[in-house]
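Heads up, start.csv below (CSV, C-alpha atoms):
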```
chain,number,residue,atom,x,y,z
E,1,MET,CA,-6.7,15.6,10.0
E,2,LEU,CA,-3.2,14.3,9.3
E,3,HIS,CA,-0.2,16.6,9.0
E,4,ILE,CA,3.1,15.1,7.6
E,5,ARG,CA,6.0,17.5,8.1
E,6,PHE,CA,8.8,17.3,5.6
E,7,THR,CA,12.4,18.7,5.9
E,8,ALA,CA,14.2,19.8,2.8
E,9,GLU,CA,16.0,16.4,2.9
E,10,ASP,CA,12.7,14.5,3.0
E,11,MET,CA,11.6,16.1,-0.3
E,12,SER,CA,14.2,14.0,-2.1
E,13,ARG,CA,13.4,10.9,0.0
E,14,VAL,CA,9.8,10.3,-1.1
E,15,ARG,CA,9.5,7.0,-2.8
E,16,PHE,CA,6.6,4.9,-4.0
E,17,ALA,CA,6.9,1.2,-3.1
E,18,PRO,CA,7.7,-0.5,-6.4
E,19,ARG,CA,5.8,-3.7,-5.5
E,20,PRO,CA,2.8,-4.5,-3.2
E,21,SER,CA,3.7,-5.8,0.2
E,22,PRO,CA,1.7,-8.9,1.3
E,23,VAL,CA,1.9,-8.4,5.1
E,24,PRO,CA,0.5,-4.8,5.2
E,25,GLU,CA,-2.1,-5.7,2.6
E,26,LEU,CA,-3.2,-8.7,4.6
E,27,HIS,CA,-3.4,-6.6,7.8
E,28,ALA,CA,-5.4,-3.9,5.9
E,29,ALA,CA,-7.8,-6.6,4.7
E,30,LEU,CA,-8.2,-8.0,8.3
E,31,LEU,CA,-8.8,-4.5,9.6
E,32,MET,CA,-11.5,-4.1,7.0
E,33,LEU,CA,-13.0,-7.5,7.9
E,34,GLY,CA,-13.6,-6.3,11.4
E,35,ALA,CA,-14.7,-2.7,10.5
E,36,PRO,CA,-18.5,-2.1,11.1
E,37,HIS,CA,-18.9,0.4,8.3
E,38,GLU,CA,-19.5,0.1,4.6
E,39,GLY,CA,-21.6,-3.0,5.0
E,40,LEU,CA,-23.4,-2.4,1.7
E,41,LEU,CA,-20.3,-2.5,-0.4
E,42,PHE,CA,-18.2,-4.9,1.7
E,43,GLY,CA,-21.0,-7.1,3.0
E,44,ARG,CA,-20.7,-10.0,0.5
E,45,TRP,CA,-16.8,-9.9,0.7
E,46,ARG,CA,-16.9,-9.9,4.5
E,47,GLY,CA,-19.5,-12.7,4.7
E,48,ARG,CA,-17.5,-14.9,2.3
E,49,LEU,CA,-14.3,-14.5,4.2
E,50,LEU,CA,-15.9,-15.0,7.6
E,51,ARG,CA,-17.3,-18.3,6.3
E,52,THR,CA,-14.0,-19.5,4.9
E,53,LEU,CA,-11.4,-18.1,7.3
E,54,PRO,CA,-9.9,-21.2,9.1
E,55,GLY,CA,-9.7,-21.4,12.8
E,56,ALA,CA,-5.9,-21.3,12.6
E,57,ALA,CA,-6.1,-17.6,11.8
E,58,GLU,CA,-8.0,-16.7,15.0
E,59,PRO,CA,-4.9,-15.7,16.9
E,60,LEU,CA,-4.5,-12.7,14.7
E,61,GLY,CA,-7.7,-11.3,16.1
E,62,GLU,CA,-6.4,-11.8,19.6
E,63,LEU,CA,-3.5,-9.5,18.8
E,64,VAL,CA,-5.8,-6.5,18.3
E,65,PRO,CA,-8.1,-6.7,21.4
E,66,GLY,CA,-9.0,-3.0,21.3
E,67,GLY,CA,-8.8,-2.5,17.6
E,68,ALA,CA,-5.2,-1.3,17.6
E,69,ALA,CA,-2.5,-3.7,16.4
E,70,PRO,CA,1.0,-3.9,18.1
E,71,ARG,CA,3.5,-2.0,16.1
E,72,PHE,CA,6.0,-4.8,15.7
E,73,LEU,CA,3.6,-6.1,13.0
E,74,ASP,CA,4.3,-2.9,10.9
E,75,VAL,CA,6.7,-4.3,8.3
E,76,LEU,CA,7.1,-4.4,4.6
E,77,GLY,CA,8.8,-7.3,2.7
E,78,GLY,CA,8.2,-8.5,-0.9
E,79,THR,CA,6.7,-11.9,0.2
E,80,ARG,CA,4.8,-13.1,3.2
E,81,GLU,CA,7.9,-15.0,4.3
E,82,GLU,CA,10.0,-11.9,4.2
E,83,GLY,CA,7.4,-9.9,6.0
E,84,PHE,CA,7.1,-12.5,8.8
E,85,ALA,CA,10.9,-12.8,9.1
E,86,LEU,CA,10.9,-9.0,9.7
E,87,ILE,CA,8.2,-9.4,12.3
E,88,ARG,CA,10.1,-12.2,14.0
E,89,SER,CA,13.3,-10.1,14.1
E,90,ALA,CA,11.7,-7.4,16.2
E,91,ARG,CA,13.6,-6.6,19.4
E,92,PRO,CA,12.2,-8.6,22.3
E,93,GLU,CA,11.7,-5.5,24.5
E,94,PHE,CA,9.8,-3.9,21.6
E,95,VAL,CA,7.5,-6.9,21.3
E,96,ARG,CA,6.9,-6.9,25.1
E,97,SER,CA,6.1,-3.2,25.3
E,98,GLU,CA,3.7,-3.3,22.3
E,99,LEU,CA,1.8,-6.3,23.7
E,100,ALA,CA,1.5,-4.6,27.0
E,101,ARG,CA,0.3,-1.4,25.3
E,102,VAL,CA,-2.5,-3.1,23.3
E,103,TYR,CA,-3.7,-5.2,26.2
E,104,THR,CA,-3.8,-2.4,28.8
E,105,GLY,CA,-7.4,-2.3,30.1
E,106,GLN,CA,-8.5,-5.1,27.7
E,107,GLY,CA,-9.2,-7.9,30.1
E,108,PRO,CA,-7.6,-11.4,30.3
E,109,VAL,CA,-4.6,-12.1,28.0
E,110,PRO,CA,-4.7,-15.3,26.1
E,111,PRO,CA,-2.1,-17.9,27.1
E,112,TRP,CA,-0.3,-17.9,23.7
E,113,VAL,CA,0.0,-14.1,23.8
E,114,ARG,CA,1.5,-14.3,27.3
E,115,ALA,CA,4.0,-16.9,25.8
E,116,LEU,CA,4.7,-14.5,22.9
E,117,HIS,CA,5.5,-11.8,25.5
E,118,ARG,CA,8.0,-14.2,27.0
E,119,GLY,CA,9.6,-14.8,23.6
E,120,ASP,CA,8.4,-18.4,23.5
E,121,ALA,CA,9.3,-20.1,20.1
E,122,ALA,CA,6.0,-22.1,20.1
E,123,ALA,CA,4.0,-18.8,20.4
E,124,TRP,CA,5.9,-17.4,17.4
E,125,ASP,CA,5.0,-20.6,15.5
E,126,THR,CA,1.3,-19.9,16.4
E,127,LEU,CA,1.6,-16.5,14.9
E,128,ASP,CA,3.3,-17.8,11.8
E,129,ARG,CA,0.5,-20.4,11.2
E,130,ALA,CA,-2.1,-17.7,11.8
E,131,GLN,CA,-0.5,-15.4,9.2
E,132,ARG,CA,-0.1,-18.2,6.7
E,133,ALA,CA,-3.7,-19.4,7.1
E,134,ALA,CA,-5.1,-15.9,6.7
E,135,HIS,CA,-2.9,-15.1,3.8
E,136,GLU,CA,-4.0,-18.2,1.9
E,137,THR,CA,-7.7,-17.5,2.4
E,138,VAL,CA,-7.8,-13.7,2.2
E,139,LEU,CA,-4.9,-12.6,-0.1
E,140,ALA,CA,-3.5,-15.4,-2.2
E,141,PRO,CA,-6.7,-15.7,-4.4
E,142,VAL,CA,-6.6,-12.1,-5.4
E,143,TRP,CA,-2.8,-11.4,-5.4
E,144,PRO,CA,-2.5,-11.2,-9.2
E,145,GLN,CA,-5.2,-8.4,-9.2
E,146,VAL,CA,-3.4,-6.6,-6.3
E,147,GLN,CA,-0.2,-6.7,-8.4
E,148,ASP,CA,-1.9,-5.3,-11.5
E,149,LEU,CA,-3.6,-2.6,-9.4
E,150,HIS,CA,-0.3,-1.7,-7.7
E,151,ARG,CA,1.5,-1.3,-11.1
E,152,ALA,CA,-1.3,1.0,-12.3
E,153,GLU,CA,-1.1,3.1,-9.2
E,154,PHE,CA,2.7,3.2,-9.3
E,155,THR,CA,2.7,4.3,-12.9
E,156,ARG,CA,0.0,7.0,-12.3
E,157,TYR,CA,2.1,8.4,-9.5
E,158,ALA,CA,5.3,8.3,-11.5
E,159,LEU,CA,3.8,10.1,-14.5
E,160,THR,CA,2.1,12.8,-12.4
E,161,ALA,CA,5.4,13.5,-10.5
E,162,ALA,CA,7.4,13.7,-13.7
E,163,GLU,CA,4.9,15.9,-15.5
E,164,GLN,CA,3.5,18.1,-12.7
E,165,GLY,CA,5.9,17.7,-9.7
E,166,LEU,CA,5.8,16.2,-6.2
E,167,ALA,CA,3.0,18.4,-4.8
E,168,ALA,CA,0.6,17.3,-7.6
E,169,ALA,CA,1.6,13.6,-7.3
E,170,LEU,CA,0.9,13.7,-3.5
E,171,ALA,CA,-2.4,15.5,-4.0
E,172,ALA,CA,-3.4,12.8,-6.5
E,173,VAL,CA,-2.7,10.1,-3.9
E,174,ALA,CA,-5.2,11.7,-1.5
E,175,PRO,CA,-7.8,13.9,-3.2
E,176,GLY,CA,-8.4,17.0,-1.1
E,177,SER,CA,-4.9,16.9,0.4
E,178,ARG,CA,-2.2,19.5,-0.3
E,179,LEU,CA,1.5,20.0,0.2
E,180,ARG,CA,2.0,23.5,1.6
E,181,ASP,CA,5.1,25.0,3.3
E,182,GLY,CA,6.6,21.6,3.8
E,183,VAL,CA,3.5,20.1,5.3
E,184,TRP,CA,1.3,17.5,3.6
E,185,GLU,CA,-2.2,18.1,4.9
E,186,TRP,CA,-4.7,15.2,4.7
E,187,PRO,CA,-8.4,15.8,5.0
E,188,SER,CA,-10.2,13.9,7.7
E,189,ALA,CA,-11.1,10.4,6.8
E,190,PRO,CA,-14.8,9.9,5.8
E,191,SER,CA,-16.8,8.1,8.5
E,192,THR,CA,-20.2,6.6,8.7
E,193,PRO,CA,-22.5,8.5,11.1
E,194,SER,CA,-23.3,6.6,14.2
E,195,THR,CA,-26.0,7.0,16.9
E,196,ARG,CA,-23.4,8.4,19.3
E,197,SER,CA,-22.2,11.1,16.9
E,198,ALA,CA,-25.8,12.0,16.1
E,199,LEU,CA,-26.7,12.5,19.8
E,200,GLU,CA,-23.6,14.1,21.1
E,201,GLY,CA,-23.2,17.9,21.2
E,202,PRO,CA,-20.8,20.0,19.2
E,203,GLU,CA,-18.3,20.3,22.0
E,204,ALA,CA,-17.9,16.5,22.2
E,205,ARG,CA,-17.6,16.2,18.5
E,206,ASP,CA,-14.9,18.9,18.4
E,207,ALA,CA,-13.0,17.1,21.2
E,208,ARG,CA,-13.1,13.8,19.2
E,209,ALA,CA,-11.9,15.6,16.1
E,210,ALA,CA,-9.0,17.2,18.1
E,211,ARG,CA,-8.0,13.7,19.4
E,212,ALA,CA,-8.2,12.3,15.8
E,213,ALA,CA,-5.7,15.0,14.5
E,214,ARG,CA,-2.2,13.7,14.1
E,215,GLU,CA,1.1,15.1,13.2
E,216,VAL,CA,4.0,13.0,11.8
E,217,ARG,CA,7.5,14.5,11.6
E,218,LEU,CA,9.7,12.8,9.0
E,219,GLY,CA,12.9,14.4,10.3
E,220,GLY,CA,15.0,13.3,7.3
E,221,ARG,CA,13.8,9.7,7.4
E,222,GLY,CA,11.9,9.9,4.2
E,223,LEU,CA,8.4,8.6,3.2
E,224,VAL,CA,7.3,5.4,1.5
E,225,LEU,CA,3.9,5.5,-0.2
E,226,LEU,CA,2.1,2.2,-0.2
E,227,PRO,CA,-1.3,1.8,-1.8
E,228,THR,CA,-3.7,-0.7,-0.2
E,229,PHE,CA,-6.6,-2.1,-2.1
E,230,HIS,CA,-8.6,-3.5,0.8
E,231,TRP,CA,-8.7,-0.7,3.3
E,232,ARG,CA,-11.2,2.1,2.9
E,233,GLY,CA,-10.6,4.1,6.0
E,234,GLY,CA,-8.0,6.8,6.6
E,235,PRO,CA,-4.3,6.5,6.0
E,236,LEU,CA,-2.4,3.8,8.0
E,237,VAL,CA,0.9,5.2,9.2
E,238,GLN,CA,3.9,3.1,10.2
E,239,ASP,CA,6.0,5.6,12.2
E,240,LEU,CA,8.9,3.7,13.9
E,241,PRO,CA,12.2,5.1,15.1
E,242,ASP,CA,15.1,5.1,12.7
E,243,ARG,CA,13.0,3.9,9.8
E,244,PRO,CA,11.4,5.7,6.9
E,245,VAL,CA,7.7,6.5,7.6
E,246,VAL,CA,5.4,4.2,5.6
E,247,LEU,CA,2.0,5.6,4.6
E,248,ALA,CA,-0.5,3.0,3.4
E,249,TYR,CA,-3.4,4.8,1.7
E,250,PRO,CA,-6.7,3.5,0.2
E,251,ALA,CA,-6.5,3.1,-3.5
E,252,GLY,CA,-8.3,1.1,-6.2
E,253,GLY,CA,-11.9,1.2,-7.3
E,254,GLY,CA,-13.6,1.3,-3.9
E,255,LEU,CA,-14.1,-2.5,-3.6
E,256,PRO,CA,-11.7,-5.2,-2.5
E,257,PRO,CA,-10.2,-7.2,-5.4
E,258,ALA,CA,-12.1,-10.3,-6.3
E,259,PRO,CA,-10.7,-13.5,-7.9
E,260,GLU,CA,-11.1,-13.4,-11.7
E,261,PRO,CA,-12.4,-16.4,-13.7
E,262,ARG,CA,-9.6,-18.4,-15.2
E,263,GLY,CA,-8.3,-16.8,-18.4
E,264,ALA,CA,-10.2,-13.6,-17.8
E,265,ARG,CA,-7.1,-11.4,-17.2
E,266,SER,CA,-6.4,-8.6,-19.7
E,267,GLU,CA,-2.9,-7.9,-20.9
E,268,ASP,CA,-3.2,-4.2,-20.3
E,269,GLY,CA,-5.6,-4.2,-17.3
E,270,GLY,CA,-4.9,-1.4,-14.9
E,271,LEU,CA,-1.9,-0.2,-16.9
E,272,ALA,CA,-4.1,1.1,-19.6
E,273,ALA,CA,-6.3,2.8,-17.0
E,274,ALA,CA,-3.3,4.5,-15.5
E,275,LEU,CA,-1.5,5.6,-18.7
E,276,GLY,CA,-4.2,5.5,-21.4
E,277,ARG,CA,-4.4,2.7,-23.9
E,278,THR,CA,-2.1,4.4,-26.4
E,279,ARG,CA,0.7,5.2,-24.0
E,280,ALA,CA,0.4,1.7,-22.4
E,281,ALA,CA,0.8,0.2,-25.9
E,282,VAL,CA,3.8,2.4,-26.5
E,283,LEU,CA,5.4,1.3,-23.3
E,284,ARG,CA,4.7,-2.4,-24.0
E,285,ALA,CA,6.1,-2.0,-27.6
E,286,LEU,CA,9.4,-0.9,-26.1
E,287,ALA,CA,10.2,-4.2,-24.5
E,288,GLU,CA,12.9,-4.2,-27.3
E,289,PRO,CA,14.7,-1.1,-28.6
E,290,ARG,CA,12.8,0.8,-31.4
E,291,THR,CA,13.3,4.0,-33.3
E,292,THR,CA,10.5,6.6,-33.2
E,293,THR,CA,9.4,5.6,-36.7
E,294,ASP,CA,9.4,1.9,-35.9
E,295,LEU,CA,7.5,2.6,-32.7
E,296,ALA,CA,4.9,4.7,-34.5
E,297,ARG,CA,4.4,1.9,-37.1
E,298,ARG,CA,4.2,-0.7,-34.4
E,299,THR,CA,1.5,1.1,-32.5
E,300,GLY,CA,-0.4,2.6,-35.4
E,301,ILE,CA,0.2,6.3,-34.5
E,302,GLY,CA,2.0,9.2,-36.1
E,303,ASN,CA,5.7,9.9,-35.5
E,304,ALA,CA,4.9,13.2,-33.6
E,305,THR,CA,2.5,11.4,-31.3
E,306,ALA,CA,4.9,8.5,-30.7
E,307,SER,CA,7.6,11.1,-29.9
E,308,ALA,CA,5.4,12.9,-27.4
E,309,HIS,CA,4.4,9.7,-25.6
E,310,ALA,CA,8.0,8.6,-25.5
E,311,ALA,CA,9.0,11.9,-23.9
E,312,ALA,CA,6.3,11.5,-21.2
E,313,LEU,CA,7.4,7.9,-20.4
E,314,ARG,CA,11.1,9.0,-20.4
E,315,ALA,CA,10.3,11.8,-17.9
E,316,ALA,CA,8.6,9.2,-15.6
E,317,GLY,CA,11.7,7.0,-15.8
E,318,LEU,CA,9.9,4.2,-17.6
E,319,ILE,CA,12.0,4.3,-20.8
E,320,THR,CA,15.4,5.6,-22.0
E,321,THR,CA,16.3,7.2,-25.3
E,322,THR,CA,19.7,6.9,-26.8
E,323,ARG,CA,21.1,8.6,-30.0
E,324,THR,CA,23.6,6.9,-32.2
E,325,GLY,CA,24.5,9.1,-35.1
E,326,ARG,CA,21.2,10.1,-36.8
E,327,SER,CA,19.3,7.2,-35.2
E,328,VAL,CA,17.2,7.5,-32.0
E,329,HIS,CA,16.2,4.4,-30.1
E,330,HIS,CA,13.8,4.0,-27.1
E,331,GLU,CA,13.5,1.0,-24.8
E,332,GLN,CA,12.1,0.1,-21.3
E,333,THR,CA,14.1,0.8,-18.2
E,334,PRO,CA,14.1,-1.8,-15.4
E,335,LEU,CA,11.4,0.4,-13.8
E,336,GLY,CA,9.4,0.2,-17.0
E,337,MET,CA,9.8,-3.6,-17.1
E,338,LEU,CA,8.5,-3.8,-13.6
E,339,VAL,CA,5.5,-1.7,-14.5
E,340,VAL,CA,4.5,-3.8,-17.4
E,341,GLY,CA,5.2,-7.0,-15.6
E,342,THR,CA,8.2,-8.2,-17.6
E,343,THR,CA,11.5,-9.5,-16.2
E,344,PRO,CA,14.5,-7.1,-16.2
```
What would the structure in this file look like if it were written as structure tokens?
Amino acid sequence: MLHIRFTAEDMSRVRFAPRPSPVPELHAALLMLGAPHEGLLFGRWRGRLLRTLPGAAEPLGELVPGGAAPRFLDVLGGTREEGFALIRSARPEFVRSELARVYTGQGPVPPWVRALHRGDAAAWDTLDRAQRAAHETVLAPVWPQVQDLHRAEFTRYALTAAEQGLAAALAAVAPGSRLRDGVWEWPSAPSTPSTRSALEGPEARDARAARAAREVRLGGRGLVLLPTFHWRGGPLVQDLPDRPVVLAYPAGGGLPPAPEPRGARSEDGGLAAALGRTRAAVLRALAEPRTTTDLARRTGIGNATASAHAAALRAAGLITTTRTGRSVHHEQTPLGMLVVGTTP
């Protein structure tokens, strides 16, 4: 069970990452690559990547000797280069303490990790090459699909928040969760039964459940919601001092994105799934200002229907409406342009 505690200030500081972030998505994929569960659904994906992942990416596995990654890898950034620059800018004492933490009780430390602990430039180059090699193999081939899925998830959240409020939008992010008295309560992450859990008694299971419970206090720092389309476990929380808390949550259709055949991408794609085809068409039609009548004619719907869809999109911050005399014009906002993939 995860409890995220909000202050009154935090309620106005919840934001949805406007774009997918390559480094967290890559790390989520690598975590899933090493996860033993969901072999039936992820088996082919895992097998393909394990066959094609270059040796240059192996150092990334050596950074998580016990299955827990050092927290200096918890960054965002709009590109892989931006993300790695943020990793590289971590305070040396933070890097050292995190490497010491993940390697405590884990046996011999690889020489390059020892060099990274010392701040050696060649060791940082090793990490850079490993990130780049993994990114090119795991993420680059499916990045267009990740961007489409993120836009759809972003739009779904924005509309739910506009129409039903923050509590409903957060509950939609994690079905079964709820925002109550300033605490966002997440249900326990689903797990695959193991031999150990089948054999241990109720006291042992209760003890493991208590250890798995976690409480995160935002304390006015705010919260960033970041969907990930590779990870299928529980939420991944980036909780670092003096930074907004970032919560990466599993989204998408339950399977990792797969490269599409050339020319197979649909113009609407996930946007239609998030908004509905008519509302998606209305939003796309407003790439240039249109009156309600012109919008209805352009999309083949009635004036009243066009007005209702425009009102919902306006409430979500995706379009603006301006009145000049007796004329009313609607057009995309920069956020709406981002959602449909056009350039502001």
Non-local contacts of range 3-12 of chain E (8 Å; only C-alpha atoms; under 6 positions in same chain excluded) as an NGL selection string: :E and (182-186 or 213-223)
Rounded to one decimal place, report the CA of Thr293 in chain E-CA of Leu271 in chain E distance in Å.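 About the pair CA of Thr293 in chain E and CA of Leu271 in chain E: they are 23.5 Å apart.
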Which residue out of E:Arg279, E:Arg51, E:His135, E:Arg178 has the minimum interatomic distance to Pro22 in chain E when all atoms listed in the file are used?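 Distance minimum relative to Pro22 in chain E lands on E:His135.
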Long-range neighbours of Pro70 in chain E as a PDB file with C-alpha atoms, in the frame of the given file, 7 Å cut-off, all atoms listed in the file, 4 positions minimum in chain:
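Printed below is part35.pdb as written:
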```pdb
ATOM      1  CA  GLU E  98       3.700  -3.300  22.300  1.00  0.00           C
ATOM      2  CA  LEU E  99       1.800  -6.300  23.700  1.00  0.00           C
ATOM      3  CA  VAL E 102      -2.500  -3.100  23.300  1.00  0.00           C
TER       4      VAL E 102
END
```
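The closest residue to Trp112 in chain E, picked from E:Pro334, E:Gly67, E:Pro235, E:Pro59 and counting all atoms listed in the file, is E:Pro59.
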From the set E:Pro108, E:Pro259, E:Pro187, E:Pro244, which residue has the shortest atom-to-atom contact distance to Trp45 in chain E, counting only C-alpha atoms?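 Between E:Pro108, E:Pro259, E:Pro187, E:Pro244, the residue approaching Trp45 in chain E most closely is E:Pro259.
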Could you name the residues that touch Thr52 in chain E at 9 Å or less, counting all atoms listed in the file, but leaving out those on the same chain fewer than 5 positions away, as a ChimeraX atom specification? /E:47,137-138
E:Arg101, E:Arg46, E:Arg297, E:His230 ranked by distance to Pro65 in chain E, top pick (using all atoms listed in the file):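 Closest to Pro65 in chain E, using all atoms listed in the file: E:Arg101.
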So that I can check the surroundings of Tyr249 in chain E, please list as a PDB file with C-alpha atoms, keeping the file's coordinate frame every protein, DNA and RNA residue that reaches within 9 Å of it, counting all atoms listed in the file and ignoring chain neighbours fewer than 3 positions away.
```pdb
ATOM      1  CA  VAL E 173      -2.700  10.100  -3.900  1.00  0.00           C
ATOM      2  CA  ALA E 174      -5.200  11.700  -1.500  1.00  0.00           C
ATOM      3  CA  LEU E 225       3.900   5.500  -0.200  1.00  0.00           C
ATOM      4  CA  LEU E 226       2.100   2.200  -0.200  1.00  0.00           C
ATOM      5  CA  PRO E 227      -1.300   1.800  -1.800  1.00  0.00           C
ATOM      6  CA  THR E 228      -3.700  -0.700  -0.200  1.00  0.00           C
ATOM      7  CA  PHE E 229      -6.600  -2.100  -2.100  1.00  0.00           C
ATOM      8  CA  TRP E 231      -8.700  -0.700   3.300  1.00  0.00           C
ATOM      9  CA  ARG E 232     -11.200   2.100   2.900  1.00  0.00           C
ATOM     10  CA  GLY E 233     -10.600   4.100   6.000  1.00  0.00           C
ATOM     11  CA  GLY E 234      -8.000   6.800   6.600  1.00  0.00           C
ATOM     12  CA  PRO E 235      -4.300   6.500   6.000  1.00  0.00           C
ATOM     13  CA  LEU E 236      -2.400   3.800   8.000  1.00  0.00           C
ATOM     14  CA  VAL E 237       0.900   5.200   9.200  1.00  0.00           C
TER      15      VAL E 237
END
```
Selection: 12 Å around range 113-127 of chain E, only C-alpha atoms, excl. self and same-chain fewer than 3 positions, as a ChimeraX atom specification: /E:55-65,70,73,84-85,87-103,108-110,130-134
Identify which of the residues E:Ser327, E:Thr320, E:Thr333, E:Thr79 lies closest to Asp294 in chain E, counting only C-alpha atoms when measuring atom-to-atom distances. E:Ser327
Which residue, E:Thr299, E:Thr324, E:Thr291, E:Gln164, has the smallest gap to Ala312 in chain E when you use only C-alpha atoms?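 Looking at the shortest contact to Ala312 in chain E, the residue is E:Gln164.
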In Å, with one decimal, what is the gap from CA of Val246 in chain E to CA of Pro175 in chain E?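 Computed distance, CA of Val246 in chain E to CA of Pro175 in chain E, equals 18.6 Å.
Reported to one decimal place, the separation of CA of Arg71 in chain E from CA of Leu240 in chain E is 8.2 Å.
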So which residues fall inside 9 Å of (3.4, 2.2, -22.7) if we count all atoms listed in the file? Mind giving them as a PyMOL selection string? chain E and resi 271-272+275-286+309-310+313+318+336+340
